[in-house]
Amino acid sequence: QYDWDQDGPTEEIKRLRLDVGLTDYFTMRVTNSSMDERLADGERIERRYAGAFDDLAGSQLANPLATNLSIVTADRMIFVSQRSLRVAWNPGGYGPAVSGTGSPLLDCDADGRYNPFRTAQREAFEEATGPLLPDLSWITFFGLARTFKARFPFLFGELRLPITASQLLSQVPSQSWESRGLIGMPFTIEAVTQWIVQRYRNQIGQRGLSAAVGTTFFSLLQSLQFGIASGGRK
């Protein structure tokens, strides 16, 4: 489940709280990734078990929690990723520069409590920045969302690096096979929206808009909203 603390006369949300449990890959494949499968009585899994979008506590799906981050470098370039053809999910498609699911074995603090910032740190190191290990203070989460079809919950935000775009592209992370490479563009409203429009039209014309591409667009647009429109990092 999720909840939040509010403060001040405008009741601004100050802190997001997540209540997480254990799940596994098999359960995700037969629930979130199989929404159109029909049960013995003919009813679809989505209709029977998905529930309302904002009701994570009542959802009977696996709901693995992911972290999706754009990368912004010191010279004001923003990056997404193009996935390799050797991955099972969205091969060859676009994705956020940092994207991965939390692990109860790898992403906990010393007290055993799950920390999504450590998921973002680990995934960034494995897929984009290694051997540079990002500091947790470089990571900002803007909020929590779910994809429309598969109902995957994900935290979205940014990883702001103190290095330039050319330095980032010179890194050789340990799991670089997952990606065909990072794709950068100037971190401006004009450049980002033009990139989104071009890819959106390509997707609509060729094979429809996939959920993975949707989260890529979403992450870029949220970076514009919170990273530029609000006057900086938030």
# chains A, B, ... in the order shown; residues from 1 in each chain; ligands from 1
>>> select_by_dssp(residues="region 35-139 of chain A", states="alpha helix (DSSP H)", output="list in words")
Ile45, Pro116, Phe117, Arg118, Thr119, Ala120, Gln121, Arg122, Glu123 and Ala124 of chain A
>>> closest_atom_pairs(of="region 109-210 of chain A", to="region 11-30 of chain A", cutoff="9 Å", atoms="only C-alpha atoms", output="tab-separated table")
residue	atom	partner	partner_atom	distance
A:Tyr114	CA	A:Val20	CA	8.0
A:Gly143	CA	A:Leu16	CA	8.0
A:Leu144	CA	A:Leu16	CA	8.7
>>> atom_distance(atom1="CA of Val213 (chain A)", atom2="CA of Leu161 (chain A)")
23.5 Å
>>> atom_distance(atom1="CA of Pro162 (chain A)", atom2="CA of Trp138 (chain A)")
8.6 Å
>>> residues_around(residues="Glu158 (chain A)", least_positions_apart="3", cutoff="8 Å", atoms="only C-alpha atoms", output="JSON, numbers by chain")
{"A": [69, 70, 71, 72, 139, 140, 141, 142, 223]}
>>> write_last_selection(atoms="all heavy atoms", output="PDB file, in the first residue's frame")
ATOM      1  N   LEU A  69      14.037   5.994 -14.006  1.00  0.00           N
ATOM      2  CA  LEU A  69      14.696   7.294 -13.891  1.00  0.00           C
ATOM      3  C   LEU A  69      15.250   7.755 -15.226  1.00  0.00           C
ATOM      4  O   LEU A  69      15.839   6.969 -15.974  1.00  0.00           O
ATOM      5  CB  LEU A  69      15.863   7.224 -12.906  1.00  0.00           C
ATOM      6  CG  LEU A  69      15.596   6.739 -11.484  1.00  0.00           C
ATOM      7  CD1 LEU A  69      16.902   6.701 -10.698  1.00  0.00           C
ATOM      8  CD2 LEU A  69      14.588   7.618 -10.783  1.00  0.00           C
ATOM      9  N   SER A  70      15.072   9.031 -15.520  1.00  0.00           N
ATOM     10  CA  SER A  70      15.873   9.667 -16.548  1.00  0.00           C
ATOM     11  C   SER A  70      17.231  10.008 -15.945  1.00  0.00           C
ATOM     12  O   SER A  70      17.353  10.175 -14.733  1.00  0.00           O
ATOM     13  CB  SER A  70      15.202  10.957 -17.040  1.00  0.00           C
ATOM     14  OG  SER A  70      13.922  10.705 -17.578  1.00  0.00           O
ATOM     15  N   ILE A  71      18.250  10.107 -16.785  1.00  0.00           N
ATOM     16  CA  ILE A  71      19.569  10.554 -16.336  1.00  0.00           C
ATOM     17  C   ILE A  71      19.812  11.946 -16.887  1.00  0.00           C
ATOM     18  O   ILE A  71      19.616  12.198 -18.090  1.00  0.00           O
ATOM     19  CB  ILE A  71      20.680   9.601 -16.800  1.00  0.00           C
ATOM     20  CG1 ILE A  71      20.591   8.264 -16.059  1.00  0.00           C
ATOM     21  CG2 ILE A  71      22.058  10.222 -16.584  1.00  0.00           C
ATOM     22  CD1 ILE A  71      21.653   7.260 -16.470  1.00  0.00           C
ATOM     23  N   VAL A  72      20.222  12.862 -16.029  1.00  0.00           N
ATOM     24  CA  VAL A  72      20.576  14.224 -16.441  1.00  0.00           C
ATOM     25  C   VAL A  72      22.034  14.456 -16.061  1.00  0.00           C
ATOM     26  O   VAL A  72      22.429  14.209 -14.908  1.00  0.00           O
ATOM     27  CB  VAL A  72      19.669  15.272 -15.763  1.00  0.00           C
ATOM     28  CG1 VAL A  72      20.094  16.682 -16.170  1.00  0.00           C
ATOM     29  CG2 VAL A  72      18.209  15.036 -16.125  1.00  0.00           C
ATOM     30  N   ILE A 139      19.871  10.924  -6.509  1.00  0.00           N
ATOM     31  CA  ILE A 139      18.608  10.333  -6.983  1.00  0.00           C
ATOM     32  C   ILE A 139      17.433  11.089  -6.387  1.00  0.00           C
ATOM     33  O   ILE A 139      17.394  11.350  -5.174  1.00  0.00           O
ATOM     34  CB  ILE A 139      18.530   8.846  -6.579  1.00  0.00           C
ATOM     35  CG1 ILE A 139      19.699   8.063  -7.194  1.00  0.00           C
ATOM     36  CG2 ILE A 139      17.188   8.239  -6.990  1.00  0.00           C
ATOM     37  CD1 ILE A 139      19.932   6.708  -6.552  1.00  0.00           C
ATOM     38  N   THR A 140      16.484  11.465  -7.230  1.00  0.00           N
ATOM     39  CA  THR A 140      15.261  12.124  -6.788  1.00  0.00           C
ATOM     40  C   THR A 140      14.059  11.385  -7.353  1.00  0.00           C
ATOM     41  O   THR A 140      13.983  11.156  -8.559  1.00  0.00           O
ATOM     42  CB  THR A 140      15.202  13.596  -7.260  1.00  0.00           C
ATOM     43  OG1 THR A 140      16.321  14.289  -6.734  1.00  0.00           O
ATOM     44  CG2 THR A 140      13.927  14.269  -6.782  1.00  0.00           C
ATOM     45  N   PHE A 141      13.133  11.004  -6.482  1.00  0.00           N
ATOM     46  CA  PHE A 141      11.863  10.433  -6.930  1.00  0.00           C
ATOM     47  C   PHE A 141      10.799  11.527  -6.919  1.00  0.00           C
ATOM     48  O   PHE A 141      10.649  12.248  -5.934  1.00  0.00           O
ATOM     49  CB  PHE A 141      11.425   9.276  -6.025  1.00  0.00           C
ATOM     50  CG  PHE A 141      12.253   8.032  -6.181  1.00  0.00           C
ATOM     51  CD1 PHE A 141      12.910   7.479  -5.089  1.00  0.00           C
ATOM     52  CD2 PHE A 141      12.383   7.418  -7.412  1.00  0.00           C
ATOM     53  CE1 PHE A 141      13.665   6.326  -5.226  1.00  0.00           C
ATOM     54  CE2 PHE A 141      13.151   6.275  -7.565  1.00  0.00           C
ATOM     55  CZ  PHE A 141      13.789   5.729  -6.473  1.00  0.00           C
ATOM     56  N   PHE A 142      10.066  11.631  -8.021  1.00  0.00           N
ATOM     57  CA  PHE A 142       8.998  12.620  -8.123  1.00  0.00           C
ATOM     58  C   PHE A 142       7.658  12.080  -7.634  1.00  0.00           C
ATOM     59  O   PHE A 142       6.813  12.831  -7.167  1.00  0.00           O
ATOM     60  CB  PHE A 142       8.840  13.091  -9.572  1.00  0.00           C
ATOM     61  CG  PHE A 142      10.062  13.734 -10.158  1.00  0.00           C
ATOM     62  CD1 PHE A 142      10.395  13.517 -11.483  1.00  0.00           C
ATOM     63  CD2 PHE A 142      10.879  14.546  -9.393  1.00  0.00           C
ATOM     64  CE1 PHE A 142      11.519  14.122 -12.043  1.00  0.00           C
ATOM     65  CE2 PHE A 142      12.012  15.143  -9.933  1.00  0.00           C
ATOM     66  CZ  PHE A 142      12.327  14.925 -11.267  1.00  0.00           C
ATOM     67  N   SER A 223      10.306  14.843 -15.961  1.00  0.00           N
ATOM     68  CA  SER A 223      11.544  15.595 -15.773  1.00  0.00           C
ATOM     69  C   SER A 223      11.375  17.038 -16.227  1.00  0.00           C
ATOM     70  O   SER A 223      11.908  17.961 -15.606  1.00  0.00           O
ATOM     71  CB  SER A 223      12.695  14.935 -16.550  1.00  0.00           C
ATOM     72  OG  SER A 223      13.054  13.702 -15.971  1.00  0.00           O
TER      73      SER A 223
END
>>> closest_residue(among="A:Ile78, A:Ile189, A:Ile196, A:Ala62", to="Arg160 (chain A)", atoms="only C-alpha atoms")
A:Ile78
>>> residues_around(residues="Ser99 (chain A)", least_positions_apart="2", cutoff="6 Å", atoms="only C-alpha atoms", output="list in words")
Thr67, Asn68 and Pro96 of chain A
>>> write_last_selection(atoms="N, CA, C and O atoms", output="JSON list (two decimals), in the first residue's frame")
[["chain", "number", "residue", "atom", "x", "y", "z"],
["A", 67, "THR", "N", 11.70, 1.05, -10.40],
["A", 67, "THR", "CA", 12.17, 2.43, -10.37],
["A", 67, "THR", "C", 12.55, 2.81, -11.79],
["A", 67, "THR", "O", 13.33, 2.12, -12.44],
["A", 68, "ASN", "N", 11.98, 3.90, -12.29],
["A", 68, "ASN", "CA", 12.24, 4.41, -13.63],
["A", 68, "ASN", "C", 12.80, 5.82, -13.53],
["A", 68, "ASN", "O", 12.12, 6.72, -13.03],
["A", 96, "PRO", "N", 13.20, 4.01, -19.93],
["A", 96, "PRO", "CA", 13.93, 5.00, -19.13],
["A", 96, "PRO", "C", 15.40, 4.63, -19.02],
["A", 96, "PRO", "O", 15.76, 3.45, -19.09]]
>>> closest_residue(among="A:Ser103, A:Thr129, A:Ser137, A:Thr147", to="Ser33 (chain A)", atoms="only C-alpha atoms")
A:Thr147
>>> residues_around(residues="Ala191 (chain A)", least_positions_apart="3", cutoff="12 Å", atoms="only C-alpha atoms", output="count of residues only")
17
>>> residues_around(residues="Pro131 (chain A)", least_positions_apart="3", cutoff="12 Å", atoms="only C-alpha atoms", output="list in words")
Gln121, Arg122, Ala124, Phe125, Glu126, Glu127, Ala128, Pro134, Gln167, Leu168, Leu169, Ser170, Gln171, Val172, Pro173, Ser174, Gln175 and Ser176 of chain A
>>> atom_distance(atom1="CA of Ile163 (chain A)", atom2="CA of Ala74 (chain A)")
5.3 Å
>>> closest_residue(among="A:Phe217, A:Phe53, A:Phe154, A:Tyr94", to="Ala120 (chain A)", atoms="only C-alpha atoms")
A:Phe154
>>> select_by_dssp(residues="region 79-160 of chain A", states="strand (DSSP E or B)", output="mmCIF file with N, CA, C and O atoms, in the first residue's frame")
data_model
loop_
_atom_site.group_PDB
_atom_site.id
_atom_site.type_symbol
_atom_site.label_atom_id
_atom_site.label_comp_id
_atom_site.auth_asym_id
_atom_site.auth_seq_id
_atom_site.Cartn_x
_atom_site.Cartn_y
_atom_site.Cartn_z
ATOM 1 N N PHE A 79 18.910 11.659 -20.744
ATOM 2 C CA PHE A 79 19.112 10.391 -21.439
ATOM 3 C C PHE A 79 17.973 9.409 -21.185
ATOM 4 O O PHE A 79 17.406 9.351 -20.095
ATOM 5 N N VAL A 80 17.671 8.649 -22.240
ATOM 6 C CA VAL A 80 16.830 7.459 -22.153
ATOM 7 C C VAL A 80 17.665 6.297 -22.670
ATOM 8 O O VAL A 80 18.813 6.465 -23.072
ATOM 9 N N SER A 81 17.093 5.101 -22.664
ATOM 10 C CA SER A 81 17.820 3.910 -23.095
ATOM 11 C C SER A 81 17.095 3.239 -24.258
ATOM 12 O O SER A 81 15.863 3.286 -24.338
ATOM 13 N N GLN A 82 17.868 2.646 -25.161
ATOM 14 C CA GLN A 82 17.290 1.764 -26.164
ATOM 15 C C GLN A 82 17.700 0.347 -25.797
ATOM 16 O O GLN A 82 18.880 0.008 -25.746
ATOM 17 N N ARG A 83 16.714 -0.484 -25.541
ATOM 18 C CA ARG A 83 16.974 -1.825 -25.031
ATOM 19 C C ARG A 83 17.569 -2.723 -26.105
ATOM 20 O O ARG A 83 17.317 -2.541 -27.298
ATOM 21 N N TYR A 94 12.373 1.417 -26.556
ATOM 22 C CA TYR A 94 12.924 2.440 -25.676
ATOM 23 C C TYR A 94 12.482 2.199 -24.238
ATOM 24 O O TYR A 94 11.437 1.612 -23.975
ATOM 25 N N GLY A 95 13.291 2.680 -23.311
ATOM 26 C CA GLY A 95 12.962 2.601 -21.896
ATOM 27 C C GLY A 95 13.623 3.747 -21.165
ATOM 28 O O GLY A 95 14.519 4.420 -21.708
ATOM 29 N N PRO A 96 13.201 4.010 -19.929
ATOM 30 C CA PRO A 96 13.928 5.001 -19.128
ATOM 31 C C PRO A 96 15.398 4.626 -19.016
ATOM 32 O O PRO A 96 15.755 3.451 -19.091
ATOM 33 N N VAL A 98 17.330 4.433 -16.548
ATOM 34 C CA VAL A 98 17.494 3.501 -15.439
ATOM 35 C C VAL A 98 16.136 2.888 -15.157
ATOM 36 O O VAL A 98 15.164 3.602 -14.908
ATOM 37 N N SER A 99 16.060 1.584 -15.234
ATOM 38 C CA SER A 99 14.770 0.919 -15.016
ATOM 39 C C SER A 99 15.019 -0.478 -14.462
ATOM 40 O O SER A 99 15.784 -1.253 -15.031
ATOM 41 N N GLY A 100 14.380 -0.787 -13.356
ATOM 42 C CA GLY A 100 14.547 -2.115 -12.791
ATOM 43 C C GLY A 100 13.648 -2.329 -11.590
ATOM 44 O O GLY A 100 13.111 -1.377 -11.017
ATOM 45 N N THR A 101 13.481 -3.586 -11.224
ATOM 46 C CA THR A 101 12.591 -3.973 -10.142
ATOM 47 C C THR A 101 13.368 -4.165 -8.847
ATOM 48 O O THR A 101 14.487 -4.675 -8.846
ATOM 49 N N CYS A 108 18.212 -3.526 0.447
ATOM 50 C CA CYS A 108 17.770 -3.198 1.796
ATOM 51 C C CYS A 108 18.865 -2.443 2.550
ATOM 52 O O CYS A 108 20.057 -2.611 2.299
ATOM 53 N N TYR A 114 13.482 -2.413 3.088
ATOM 54 C CA TYR A 114 13.691 -2.147 1.661
ATOM 55 C C TYR A 114 13.833 -0.645 1.414
ATOM 56 O O TYR A 114 13.075 0.169 1.953
ATOM 57 N N ILE A 139 19.871 10.924 -6.509
ATOM 58 C CA ILE A 139 18.608 10.333 -6.983
ATOM 59 C C ILE A 139 17.433 11.089 -6.387
ATOM 60 O O ILE A 139 17.394 11.350 -5.174
ATOM 61 N N THR A 140 16.484 11.465 -7.230
ATOM 62 C CA THR A 140 15.261 12.124 -6.788
ATOM 63 C C THR A 140 14.059 11.385 -7.353
ATOM 64 O O THR A 140 13.983 11.156 -8.559
ATOM 65 N N PHE A 141 13.133 11.004 -6.482
ATOM 66 C CA PHE A 141 11.863 10.433 -6.930
ATOM 67 C C PHE A 141 10.799 11.527 -6.919
ATOM 68 O O PHE A 141 10.649 12.248 -5.934
ATOM 69 N N PHE A 142 10.066 11.631 -8.021
ATOM 70 C CA PHE A 142 8.998 12.620 -8.123
ATOM 71 C C PHE A 142 7.658 12.080 -7.634
ATOM 72 O O PHE A 142 6.813 12.831 -7.167
ATOM 73 N N GLY A 143 7.433 10.773 -7.809
ATOM 74 C CA GLY A 143 6.147 10.231 -7.411
ATOM 75 C C GLY A 143 6.017 8.754 -7.733
ATOM 76 O O GLY A 143 6.966 8.097 -8.179
ATOM 77 N N LEU A 144 4.822 8.232 -7.499
ATOM 78 C CA LEU A 144 4.484 6.825 -7.721
ATOM 79 C C LEU A 144 3.368 6.748 -8.752
ATOM 80 O O LEU A 144 2.406 7.506 -8.687
ATOM 81 N N ALA A 145 3.486 5.833 -9.717
ATOM 82 C CA ALA A 145 2.473 5.677 -10.762
ATOM 83 C C ALA A 145 2.309 4.199 -11.088
ATOM 84 O O ALA A 145 3.041 3.349 -10.562
ATOM 85 N N ARG A 146 1.344 3.887 -11.968
ATOM 86 C CA ARG A 146 1.163 2.520 -12.468
ATOM 87 C C ARG A 146 0.945 2.588 -13.969
ATOM 88 O O ARG A 146 0.343 3.538 -14.485
ATOM 89 N N PRO A 153 3.368 -0.995 -10.809
ATOM 90 C CA PRO A 153 3.668 0.220 -10.042
ATOM 91 C C PRO A 153 5.143 0.592 -10.206
ATOM 92 O O PRO A 153 6.013 -0.274 -10.242
ATOM 93 N N PHE A 154 5.413 1.881 -10.333
ATOM 94 C CA PHE A 154 6.801 2.310 -10.458
ATOM 95 C C PHE A 154 6.989 3.704 -9.863
ATOM 96 O O PHE A 154 6.110 4.554 -9.933
ATOM 97 N N LEU A 155 8.144 3.889 -9.257
ATOM 98 C CA LEU A 155 8.585 5.194 -8.807
ATOM 99 C C LEU A 155 9.317 5.862 -9.962
ATOM 100 O O LEU A 155 10.161 5.244 -10.607
ATOM 101 N N PHE A 156 8.994 7.112 -10.231
ATOM 102 C CA PHE A 156 9.632 7.804 -11.351
ATOM 103 C C PHE A 156 10.386 9.027 -10.842
ATOM 104 O O PHE A 156 10.012 9.639 -9.837
ATOM 105 N N GLY A 157 11.488 9.353 -11.529
ATOM 106 C CA GLY A 157 12.291 10.491 -11.110
ATOM 107 C C GLY A 157 13.518 10.656 -11.966
ATOM 108 O O GLY A 157 13.510 10.323 -13.161
ATOM 109 N N GLU A 158 14.575 11.152 -11.351
ATOM 110 C CA GLU A 158 15.803 11.469 -12.082
ATOM 111 C C GLU A 158 17.039 11.028 -11.305
ATOM 112 O O GLU A 158 17.035 10.978 -10.075
ATOM 113 N N LEU A 159 18.083 10.739 -12.066
ATOM 114 C CA LEU A 159 19.430 10.595 -11.536
ATOM 115 C C LEU A 159 20.245 11.746 -12.121
ATOM 116 O O LEU A 159 20.435 11.812 -13.334
ATOM 117 N N ARG A 160 20.676 12.656 -11.254
ATOM 118 C CA ARG A 160 21.461 13.812 -11.697
ATOM 119 C C ARG A 160 22.935 13.541 -11.422
ATOM 120 O O ARG A 160 23.345 13.411 -10.271
#
>>> residues_around(residues="Arg47 (chain A)", least_positions_apart="4", cutoff="12 Å", atoms="only C-alpha atoms", output="JSON, numbers by chain")
{"A": [31, 32, 34, 35, 36, 37, 38, 39, 42, 43, 51, 52, 59, 60, 61, 149]}
